[in-house]
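Coordinates from my_file_23.cif are shown below (mmCIF, C-alpha atoms).
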```
data_model
#
loop_
_atom_site.label_atom_id
_atom_site.label_comp_id
_atom_site.auth_asym_id
_atom_site.auth_seq_id
_atom_site.Cartn_x
_atom_site.Cartn_y
_atom_site.Cartn_z
CA MET F 1 82.91 -30.60 -45.01
CA VAL F 2 81.83 -34.03 -43.71
CA ASP F 3 81.92 -36.80 -46.30
CA GLU F 4 78.51 -38.34 -46.99
CA GLY F 5 79.88 -41.79 -46.30
CA GLU F 6 81.36 -40.65 -42.99
CA ALA F 7 78.10 -38.99 -42.02
CA ARG F 8 76.27 -42.27 -42.71
CA LEU F 9 78.74 -44.16 -40.56
CA VAL F 10 78.35 -41.68 -37.70
CA ALA F 11 74.55 -41.86 -37.96
CA GLN F 12 74.68 -45.65 -37.84
CA ALA F 13 77.06 -45.52 -34.86
CA VAL F 14 74.73 -43.11 -33.02
CA ALA F 15 71.75 -45.38 -33.71
CA THR F 16 73.70 -48.38 -32.46
CA ILE F 17 74.73 -46.62 -29.26
CA ILE F 18 71.18 -45.42 -28.59
CA ASP F 19 69.74 -48.90 -29.27
CA ARG F 20 72.19 -50.45 -26.82
CA LEU F 21 71.34 -47.81 -24.22
CA GLY F 22 67.65 -48.38 -24.89
CA GLU F 23 68.06 -52.05 -24.01
CA ARG F 24 69.12 -51.07 -20.51
CA ALA F 25 67.07 -47.88 -20.28
CA PRO F 26 65.52 -48.78 -16.88
CA ALA F 27 69.00 -49.04 -15.33
CA VAL F 28 70.12 -45.78 -16.94
CA ILE F 29 66.99 -43.97 -15.76
CA GLU F 30 67.39 -45.31 -12.23
CA ALA F 31 71.07 -44.31 -12.17
CA ILE F 32 70.19 -40.75 -13.24
CA GLN F 33 67.39 -40.51 -10.66
CA LEU F 34 69.63 -41.73 -7.82
CA HIS F 35 72.40 -39.37 -8.93
CA LEU F 36 70.05 -36.38 -8.87
CA ALA F 37 68.59 -37.29 -5.48
CA SER F 38 72.06 -37.71 -3.98
CA GLU F 39 73.51 -34.51 -5.45
CA ILE F 40 70.56 -32.13 -4.98
CA VAL F 41 69.26 -32.08 -1.42
CA GLU F 42 66.09 -30.15 -2.35
CA LEU F 43 64.90 -33.01 -4.58
CA ARG F 44 64.85 -35.57 -1.76
CA GLY F 45 61.12 -35.16 -1.26
CA ASP F 46 58.43 -37.64 -0.30
CA VAL F 47 58.00 -40.99 -2.04
CA GLN F 48 55.45 -39.63 -4.49
CA LEU F 49 57.72 -36.78 -5.53
CA LEU F 50 60.64 -39.18 -6.03
CA GLU F 51 58.47 -41.44 -8.17
CA LEU F 52 57.46 -38.46 -10.29
CA LEU F 53 61.14 -37.52 -10.59
CA ARG F 54 61.81 -40.96 -12.01
CA ALA F 55 58.92 -40.57 -14.48
CA SER F 56 60.30 -37.17 -15.50
CA VAL F 57 63.77 -38.63 -16.05
CA ALA F 58 62.27 -41.50 -18.07
CA GLY F 59 60.28 -39.11 -20.25
CA ASN F 60 63.32 -36.94 -20.95
CA VAL F 61 65.60 -39.90 -21.69
CA GLU F 62 63.09 -41.49 -24.07
CA THR F 63 62.52 -38.17 -25.86
CA VAL F 64 66.25 -37.64 -26.35
CA PHE F 65 66.71 -41.25 -27.52
CA ASP F 66 63.95 -40.83 -30.11
CA ALA F 67 65.40 -37.53 -31.31
CA LEU F 68 68.81 -39.17 -31.76
CA ARG F 69 67.59 -42.44 -33.21
CA TYR F 70 65.32 -40.85 -35.82
CA ALA F 71 67.22 -37.54 -36.34
CA ILE F 72 64.24 -35.46 -35.12
CA ASP F 73 64.85 -31.72 -34.84
CA ILE F 74 64.63 -30.66 -31.18
CA LYS F 75 62.24 -27.85 -32.14
CA ARG F 76 59.73 -30.48 -33.26
CA VAL F 77 59.69 -32.63 -30.13
CA GLU F 78 57.04 -32.28 -27.43
CA PRO F 79 57.96 -31.80 -23.75
CA PRO F 80 57.36 -35.01 -21.79
CA THR F 81 54.14 -34.80 -19.80
CA ALA F 82 55.85 -36.17 -16.68
CA ALA F 83 58.62 -33.53 -16.93
CA LEU F 84 56.12 -30.67 -16.97
CA GLU F 85 54.08 -32.22 -14.16
CA TYR F 86 57.23 -32.66 -12.08
CA ALA F 87 58.04 -28.96 -12.60
CA ARG F 88 54.54 -28.11 -11.29
CA ARG F 89 54.95 -30.30 -8.21
CA VAL F 90 58.37 -28.84 -7.50
CA ALA F 91 56.79 -25.38 -7.65
CA GLN F 92 54.02 -26.43 -5.25
CA HIS F 93 56.60 -27.74 -2.77
CA ALA F 94 58.48 -24.40 -2.89
CA ILE F 95 61.64 -26.12 -4.14
CA PRO F 96 63.87 -23.45 -5.74
CA VAL F 97 63.77 -23.38 -9.53
CA ASN F 98 67.59 -23.41 -9.67
CA ALA F 99 67.45 -26.94 -8.18
CA LEU F 100 65.27 -28.00 -11.09
CA VAL F 101 67.60 -26.45 -13.66
CA ARG F 102 70.63 -28.00 -11.97
CA ALA F 103 68.90 -31.40 -12.16
CA TYR F 104 68.81 -31.16 -15.94
CA ARG F 105 72.48 -30.28 -16.17
CA LEU F 106 73.50 -33.11 -13.84
CA GLY F 107 71.13 -35.50 -15.58
CA GLN F 108 72.73 -34.73 -18.92
CA GLN F 109 76.18 -35.26 -17.43
CA GLU F 110 75.15 -38.64 -16.02
CA MET F 111 73.59 -39.75 -19.30
CA LEU F 112 76.70 -38.80 -21.27
CA THR F 113 78.68 -40.97 -18.87
CA HIS F 114 76.58 -43.95 -19.96
CA VAL F 115 76.94 -42.91 -23.60
CA LEU F 116 80.73 -42.98 -23.24
CA GLU F 117 80.56 -46.37 -21.63
CA GLU F 118 78.62 -47.78 -24.59
CA ILE F 119 80.97 -46.13 -27.11
CA ARG F 120 83.96 -47.78 -25.42
CA HIS F 121 82.30 -51.18 -25.79
CA ALA F 122 81.09 -50.63 -29.35
CA ASP F 123 84.44 -51.39 -31.03
CA LEU F 124 84.16 -48.32 -33.28
CA ASP F 125 86.87 -46.65 -35.30
CA PRO F 126 88.37 -43.92 -33.01
CA ARG F 127 87.34 -41.11 -35.35
CA THR F 128 83.83 -42.49 -35.76
CA ALA F 129 83.55 -42.94 -32.01
CA LEU F 130 84.60 -39.34 -31.42
CA ASP F 131 82.20 -38.04 -34.06
CA ALA F 132 79.37 -40.13 -32.63
CA PHE F 133 79.96 -38.80 -29.13
CA GLU F 134 80.09 -35.24 -30.51
CA ALA F 135 76.79 -35.77 -32.36
CA ILE F 136 75.07 -37.18 -29.27
CA SER F 137 76.47 -34.41 -27.05
CA ARG F 138 75.31 -31.72 -29.48
CA VAL F 139 71.74 -33.04 -29.52
CA THR F 140 71.59 -33.46 -25.74
CA PHE F 141 72.89 -29.94 -25.17
CA ARG F 142 70.24 -28.54 -27.50
CA TYR F 143 67.59 -30.58 -25.77
CA ILE F 144 68.64 -29.50 -22.27
CA ASP F 145 68.69 -25.85 -23.35
CA TRP F 146 65.21 -26.22 -24.87
CA ILE F 147 63.55 -28.31 -22.15
CA SER F 148 65.04 -26.16 -19.37
CA GLN F 149 63.15 -23.14 -20.67
CA GLN F 150 59.97 -25.21 -20.98
CA VAL F 151 60.10 -26.45 -17.39
CA ILE F 152 61.11 -23.02 -16.04
CA ASP F 153 58.06 -21.45 -17.71
CA THR F 154 55.85 -24.23 -16.35
CA TYR F 155 57.38 -23.89 -12.88
CA GLU F 156 56.93 -20.12 -12.71
CA THR F 157 53.36 -20.21 -13.98
CA GLU F 158 52.44 -22.89 -11.46
CA ARG F 159 54.32 -21.19 -8.64
CA GLU F 160 52.55 -17.89 -9.26
CA GLN F 161 49.13 -19.53 -9.36
CA TRP F 162 49.93 -21.65 -6.31
CA LEU F 163 51.16 -18.59 -4.47
CA GLU F 164 48.03 -16.63 -5.27
CA ASN F 165 45.69 -19.46 -4.25
CA ARG F 166 47.60 -20.27 -1.08
CA ASN F 167 48.00 -16.64 -0.15
CA SER F 168 44.31 -15.86 -0.44
CA LEU F 169 43.55 -17.73 2.79
CA ARG F 170 46.92 -17.16 4.42
CA ALA F 171 46.77 -13.43 3.71
CA LEU F 172 43.30 -13.27 5.27
CA ARG F 173 44.61 -14.86 8.47
CA VAL F 174 47.63 -12.52 8.54
CA ARG F 175 45.43 -9.45 8.07
CA GLU F 176 43.19 -10.65 10.89
CA LEU F 177 46.24 -10.79 13.18
CA LEU F 178 47.38 -7.31 12.12
CA GLU F 179 43.96 -5.71 12.48
CA ALA F 180 42.78 -7.48 15.64
CA THR F 181 41.75 -5.40 18.63
CA ASP F 182 43.36 -5.82 22.03
CA GLU F 183 40.26 -7.69 23.22
CA GLN F 184 40.47 -10.10 20.27
CA LEU F 185 44.16 -10.67 20.91
CA ASP F 186 43.45 -11.54 24.56
CA GLN F 187 41.15 -14.34 23.35
CA LEU F 188 43.47 -15.56 20.60
CA ASP F 189 44.83 -19.11 20.62
CA LEU F 190 48.42 -18.38 19.59
CA ASP F 191 49.25 -22.00 18.77
CA ALA F 192 46.22 -22.26 16.48
CA ALA F 193 47.14 -18.95 14.83
CA THR F 194 50.70 -20.23 14.27
CA THR F 195 49.30 -23.31 12.54
CA ASN F 196 46.93 -21.23 10.40
CA VAL F 197 49.61 -18.93 9.03
CA ARG F 198 52.34 -21.61 9.08
CA TYR F 199 54.76 -19.29 10.82
CA PRO F 200 56.27 -19.31 14.39
CA LEU F 201 54.52 -16.34 16.03
CA ARG F 202 56.25 -16.82 19.40
CA ARG F 203 59.68 -15.93 17.98
CA HIS F 204 61.39 -12.60 17.38
CA HIS F 205 60.31 -11.06 14.07
CA LEU F 206 61.63 -8.66 11.48
CA ALA F 207 58.92 -7.44 9.12
CA LEU F 208 59.67 -6.44 5.54
CA ILE F 209 57.70 -4.85 2.74
CA LEU F 210 59.03 -5.75 -0.70
CA TRP F 211 58.08 -4.20 -4.03
CA PHE F 212 59.25 -3.49 -7.54
CA GLY F 213 59.18 0.00 -9.04
CA GLU F 214 57.14 0.95 -12.09
CA ASP F 215 60.27 1.37 -14.22
CA GLU F 216 61.59 -2.12 -13.46
CA GLN F 217 61.20 -5.24 -15.59
CA PRO F 218 57.58 -6.39 -15.26
CA GLY F 219 56.37 -9.96 -14.96
CA ARG F 220 55.92 -12.51 -12.17
CA GLU F 221 56.59 -9.91 -9.50
CA LEU F 222 55.11 -11.92 -6.62
CA LEU F 223 57.10 -14.98 -7.56
CA ARG F 224 60.31 -12.94 -7.72
CA LEU F 225 59.57 -11.27 -4.38
CA GLU F 226 58.90 -14.56 -2.63
CA ARG F 227 62.03 -16.08 -4.14
CA PHE F 228 64.13 -13.14 -2.97
CA LEU F 229 62.75 -13.45 0.57
CA ARG F 230 63.47 -17.19 0.71
CA GLU F 231 67.00 -16.69 -0.62
CA LEU F 232 67.51 -13.95 1.97
CA ALA F 233 66.37 -16.32 4.72
CA GLY F 234 68.86 -18.88 3.43
CA ALA F 235 71.65 -16.31 3.51
CA LEU F 236 70.74 -15.51 7.12
CA ASP F 237 70.73 -19.23 8.03
CA LEU F 238 67.22 -19.06 9.45
CA ARG F 239 66.02 -22.32 10.93
CA ASP F 240 62.30 -21.81 10.32
CA GLY F 241 60.47 -20.79 7.17
CA VAL F 242 59.68 -17.21 6.32
CA LEU F 243 56.19 -15.78 5.93
CA PHE F 244 55.26 -14.08 2.68
CA THR F 245 51.87 -12.76 1.61
CA ALA F 246 50.91 -10.70 -1.41
CA ALA F 247 49.85 -7.12 -0.70
CA ASP F 248 48.96 -6.53 -4.37
CA ARG F 249 50.27 -7.60 -7.77
CA VAL F 250 53.69 -5.98 -7.38
CA SER F 251 54.34 -5.87 -3.63
CA GLY F 252 54.30 -8.21 -0.68
CA TRP F 253 54.63 -8.39 3.09
CA GLY F 254 57.24 -10.60 4.68
CA TRP F 255 58.42 -11.66 8.12
CA LEU F 256 61.68 -13.30 9.14
CA PRO F 257 61.58 -15.50 12.28
CA LEU F 258 64.72 -14.83 14.30
CA GLU F 259 66.31 -16.64 17.23
CA ASP F 260 67.01 -13.47 19.21
CA ALA F 261 66.95 -9.69 19.06
CA ALA F 262 70.23 -9.36 17.11
CA ASP F 263 69.85 -6.84 14.27
CA PRO F 264 70.16 -8.49 10.81
CA VAL F 265 69.72 -5.23 8.84
CA PRO F 266 73.43 -4.84 7.91
CA ARG F 267 73.48 -8.37 6.50
CA ILE F 268 70.24 -7.72 4.62
CA ARG F 269 71.79 -4.63 3.03
CA GLU F 270 74.81 -6.68 1.97
CA PHE F 271 72.60 -9.39 0.50
CA ALA F 272 70.49 -6.88 -1.44
CA ALA F 273 73.59 -5.09 -2.72
CA ALA F 274 75.02 -8.37 -4.02
CA ASN F 275 71.78 -9.33 -5.78
CA GLU F 276 71.53 -8.56 -9.49
CA SER F 277 67.97 -7.22 -9.42
CA PRO F 278 66.78 -6.86 -5.82
CA PRO F 279 63.35 -5.45 -4.98
CA HIS F 280 62.92 -2.33 -2.89
CA LEU F 281 62.86 -3.17 0.82
CA ALA F 282 61.34 -1.39 3.79
CA LEU F 283 62.27 -2.95 7.13
CA GLY F 284 60.84 -2.75 10.60
CA THR F 285 62.87 -3.51 13.71
CA VAL F 286 63.32 -6.85 15.49
CA GLN F 287 60.45 -7.32 17.95
CA PRO F 288 59.35 -10.32 20.09
CA GLY F 289 56.11 -12.27 20.07
CA LEU F 290 52.76 -11.52 18.46
CA SER F 291 52.85 -7.87 19.52
CA GLY F 292 56.27 -7.60 17.88
CA PHE F 293 54.92 -9.28 14.74
CA ARG F 294 52.38 -6.46 14.48
CA ARG F 295 54.65 -3.62 15.60
CA SER F 296 57.49 -4.50 13.24
CA HIS F 297 55.03 -4.52 10.33
CA ARG F 298 53.76 -1.05 11.23
CA GLN F 299 57.36 0.16 11.36
CA ALA F 300 58.02 -1.36 7.92
CA GLN F 301 54.97 0.49 6.58
CA ASP F 302 56.35 3.75 7.99
CA ALA F 303 59.73 3.05 6.40
CA ARG F 304 58.06 2.38 3.05
CA ARG F 305 56.22 5.69 3.14
CA VAL F 306 59.55 7.43 3.67
CA ALA F 307 61.12 5.41 0.84
CA LEU F 308 58.32 6.22 -1.61
CA ALA F 309 58.28 9.89 -0.71
CA GLY F 310 62.03 10.36 -0.77
CA GLN F 311 65.23 9.41 -2.53
CA ARG F 312 64.36 6.83 -5.20
CA GLY F 313 67.89 5.49 -5.38
CA ARG F 314 67.70 3.80 -1.99
CA ARG F 315 66.95 0.09 -2.23
CA VAL F 316 66.74 -0.58 1.50
CA VAL F 317 65.15 1.75 4.04
CA ALA F 318 64.98 0.55 7.65
CA ALA F 319 62.90 1.91 10.48
CA SER F 320 66.10 1.88 12.56
CA ASP F 321 67.87 4.25 10.14
CA PRO F 322 68.48 7.64 11.79
CA GLY F 323 65.54 9.96 11.21
CA VAL F 324 63.26 7.50 9.42
CA ALA F 325 60.76 7.14 12.27
CA ALA F 326 60.48 10.92 12.63
CA ALA F 327 60.32 11.46 8.86
CA ALA F 328 57.45 8.99 8.61
CA LEU F 329 55.33 11.43 10.64
CA LEU F 330 55.77 13.99 7.85
CA THR F 331 54.56 11.78 4.99
CA SER F 332 50.80 12.04 5.54
CA ASP F 333 50.63 15.34 3.60
CA LEU F 334 53.81 15.98 1.63
CA ALA F 335 52.46 19.17 0.08
CA GLN F 336 51.93 20.63 3.53
CA THR F 337 55.33 19.33 4.65
CA ARG F 338 56.98 21.01 1.66
CA ALA F 339 55.31 24.33 2.45
CA TRP F 340 56.44 24.10 6.06
CA VAL F 341 60.02 23.14 5.09
CA CYS F 342 60.29 26.11 2.73
CA GLN F 343 58.85 28.45 5.36
CA THR F 344 61.25 27.13 8.02
CA LEU F 345 64.43 27.09 5.95
CA GLY F 346 63.75 29.96 3.56
CA PRO F 347 66.22 30.13 0.64
CA LEU F 348 68.20 27.31 2.25
CA ALA F 349 65.48 24.97 0.96
CA ARG F 350 66.38 25.67 -2.68
CA ASP F 351 67.10 22.63 -4.86
CA SER F 352 70.71 23.32 -5.80
CA GLU F 353 74.06 21.66 -5.15
CA SER F 354 75.42 24.58 -3.14
CA GLU F 355 72.40 24.74 -0.81
CA ALA F 356 72.43 20.94 -0.55
CA ARG F 357 76.00 21.05 0.80
CA LEU F 358 75.06 23.76 3.30
CA ARG F 359 71.95 21.87 4.45
CA GLU F 360 73.84 18.63 4.95
CA THR F 361 76.62 20.32 6.91
CA LEU F 362 74.13 22.13 9.12
CA ARG F 363 72.08 18.96 9.65
CA VAL F 364 75.08 16.92 10.79
CA PHE F 365 76.38 19.83 12.91
CA LEU F 366 73.08 20.14 14.79
CA ARG F 367 72.69 16.36 15.12
CA GLU F 368 76.14 16.14 16.70
CA GLY F 369 75.23 18.62 19.42
CA SER F 370 76.61 21.69 17.59
CA SER F 371 80.10 20.19 17.62
CA HIS F 372 82.23 21.43 14.74
CA LYS F 373 84.82 18.76 15.43
CA ALA F 374 82.36 15.84 15.44
CA ALA F 375 80.67 17.11 12.28
CA ALA F 376 84.04 17.54 10.56
CA GLU F 377 84.97 13.92 11.32
CA LEU F 378 81.68 12.59 9.96
CA LEU F 379 81.76 14.77 6.85
CA ASN F 380 85.50 14.28 6.29
CA LEU F 381 86.05 18.04 6.30
CA HIS F 382 88.36 20.43 8.09
CA THR F 383 86.84 22.02 11.18
CA ASN F 384 87.17 25.47 9.64
CA SER F 385 85.27 24.28 6.58
CA VAL F 386 82.40 23.13 8.80
CA LYS F 387 82.36 26.48 10.62
CA TYR F 388 82.27 28.31 7.31
CA ARG F 389 79.44 26.21 5.89
CA VAL F 390 77.36 26.43 9.07
CA GLN F 391 77.66 30.21 9.03
CA ARG F 392 76.81 30.34 5.31
CA ALA F 393 73.74 28.13 5.93
CA ILE F 394 72.49 30.46 8.65
CA GLU F 395 73.06 33.47 6.40
CA CYS F 396 71.27 31.74 3.54
CA ARG F 397 68.29 31.11 5.80
CA SER F 398 68.36 34.83 6.65
CA ARG F 399 67.75 34.36 10.38
CA PRO F 400 69.46 32.62 13.33
CA ILE F 401 68.51 29.12 14.46
CA THR F 402 68.61 29.69 18.20
CA GLY F 403 64.89 30.39 18.51
CA ASP F 404 63.50 27.48 16.48
CA ARG F 405 66.34 25.00 16.41
CA LEU F 406 64.04 21.95 16.69
CA ASP F 407 62.00 23.08 13.68
CA VAL F 408 65.18 23.63 11.69
CA GLU F 409 66.49 20.16 12.56
CA LEU F 410 63.20 18.54 11.55
CA ALA F 411 63.05 20.51 8.30
CA LEU F 412 66.63 19.54 7.47
CA LEU F 413 65.73 15.91 8.22
CA ALA F 414 62.82 16.16 5.78
CA CYS F 415 65.17 17.52 3.10
CA HIS F 416 67.62 14.71 3.78
CA GLN F 417 64.96 11.99 3.58
CA PHE F 418 62.64 13.31 0.86
CA GLY F 419 64.92 15.35 -1.38
CA LYS F 420 63.19 17.11 -4.28
CA ALA F 421 59.75 16.25 -2.93
CA VAL F 422 60.09 19.00 -0.30
CA LEU F 423 62.64 21.32 -1.91
CA LEU F 424 62.08 24.68 -3.56
CA PRO F 425 62.86 24.74 -7.31
CA LYS F 426 65.72 27.05 -8.22
CA ALA F 427 63.57 29.34 -10.33
CA VAL F 428 60.97 29.92 -7.58
CA SER F 429 61.53 32.32 -4.72
CA VAL F 430 60.35 31.65 -1.17
CA GLN F 431 57.79 34.46 -1.50
CA GLN F 432 56.47 33.12 -4.79
CA HIS F 433 56.14 29.67 -3.22
CA ALA F 434 54.30 31.10 -0.22
CA ASP F 435 51.94 33.06 -2.48
CA ALA F 436 51.24 29.94 -4.51
#
```
Turn this file's structure into structure tokens for me.
Amino acid sequence: MVDEGEARLVAQAVATIIDRLGERAPAVIEAIQLHLASEIVELRGDVQLLELLRASVAGNVETVFDALRYAIDIKRVEPPTAALEYARRVAQHAIPVNALVRAYRLGQQEMLTHVLEEIRHADLDPRTALDAFEAISRVTFRYIDWISQQVIDTYETEREQWLENRNSLRALRVRELLEATDEQLDQLDLDAATTNVRYPLRRHHLALILWFGEDEQPGRELLRLERFLRELAGALDLRDGVLFTAADRVSGWGWLPLEDAADPVPRIREFAAANESPPHLALGTVQPGLSGFRRSHRQAQDARRVALAGQRGRRVVAASDPGVAAAALLTSDLAQTRAWVCQTLGPLARDSESEARLRETLRVFLREGSSHKAAAELLNLHTNSVKYRVQRAIECRSRPITGDRLDVELALLACHQFGKAVLLPKAVSVQQHADA
């Protein structure tokens, strides 16, 4: 337990250190500001933003000094007005929130450097000096933890409002481009349209639709979607900014401007897989120019319909995935598709593990040109196992596939893409389903 006399000495030492720092506060504040601007590239904004950064630093330093000098509990201090306003401006400039949080950590580190410098010159007893530094560090850590949450909340609220206000006009211009007739496109000034939507329409484009599911953590969905898209663009080293507009409260449309027609989908899958809580993604294909901007978006919409109708576990569905484009044609009336699948496949459409294995083997076999060897390699099975399963699938269907092979392939594709949505429950027979 700390002796009362020792505690008094430490408190006096802390007050002395803070008073000495307060005498040269302008220099300390300037040093912290310059350190942040040099270490964090995103914070090197215009002159006005840098001036506000300095005001934010000054407000935080003065608040911490007061808390230390007068032993004020951190829970009772008020966030500096300049700090909150700086968080709002950072949000409006689309600077990532992690840059803001990092600024507080680096700012604390820089301030503690000045604290140590003053302690060295204060001619204190070594133990008192150590205790004083510990006391100052403890308070600054508590403050940084507390103020970080305050500025993050302010940032996210402002970013969401800014996004909604900005997107209202931007989204209108984007929808006009997507819904324009051929005659309207012929009369369109592409350079003016590029300026209006703040996106390079002459480039190659990959359209995305991003959304969060109903069972996922709610709150600030649009902000999280936009942030994910910007981080994705950074991971892809894109030179120009992405385009994001809100489709509704939980989903958005995005476009990535690409240098060429190279397919980035594999890298997008890797990025999504490495993300802790990625949104669902439906991707178009890379297409050039304004027509490609529109076509890729339509493809992304098709991919999303397949994703929503099918296997919920898939985070990324791309229009270039085998079978997705064809499956999209079957999504307009899933009830009718299900009836047709069950009629085409018969008992093979039952929702069971055994039938699922037979369906998958038959699907791959037919896709590979009825090659048992090719199917065996893809399924990692022995050729004889493929032959056996193909025969069992045909027997389960109760009729050969030579007469309606195309229908069977399409029905198997629907089962593969949509799963339970088009399968026959175990307890229901094909006849019962047909009668229903």
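Between CA of Leu378 (chain F) and CA of Asp407 (chain F) there is a distance of 22.6 Å.
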| task | Can you work out the spacing between CA of Ile152 (chain F) and CA of Ala171 (chain F) in Å, to one decimal? | result |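 Separation between CA of Ile152 (chain F) and CA of Ala171 (chain F): 26.2 Å.
Counting all atoms listed in the file and comparing F:Arg304, F:Arg173, F:Arg267, F:Arg142, the residue that lies closest to Ala282 (chain F) is F:Arg304.
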So that each row is one residue of region 44-154 of chain F with an atom at most 10 Å from region 2-7 of chain F, can you give its shortest atom pair and the distance in Å to one decimal, using all atoms listed in the file, rows by chain and rising number, as CSV?
```
residue,atom,partner,partner_atom,distance
F:Arg127,CA,F:Glu6,CA,9.7
F:Thr128,CA,F:Glu6,CA,7.9
F:Asp131,CA,F:Ala7,CA,9.0
F:Ala132,CA,F:Ala7,CA,9.5
```
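Residues within 9 Å of Leu281 (chain F), counting all atoms listed in the file and excluding same-chain residues fewer than 4 positions away, are Leu208, Ile209, Leu210, Trp211, Ala272, Ala300, Ala303, Arg304, Ala307, Arg314, Arg315, Val316, Val317 and Ala318 of chain F.
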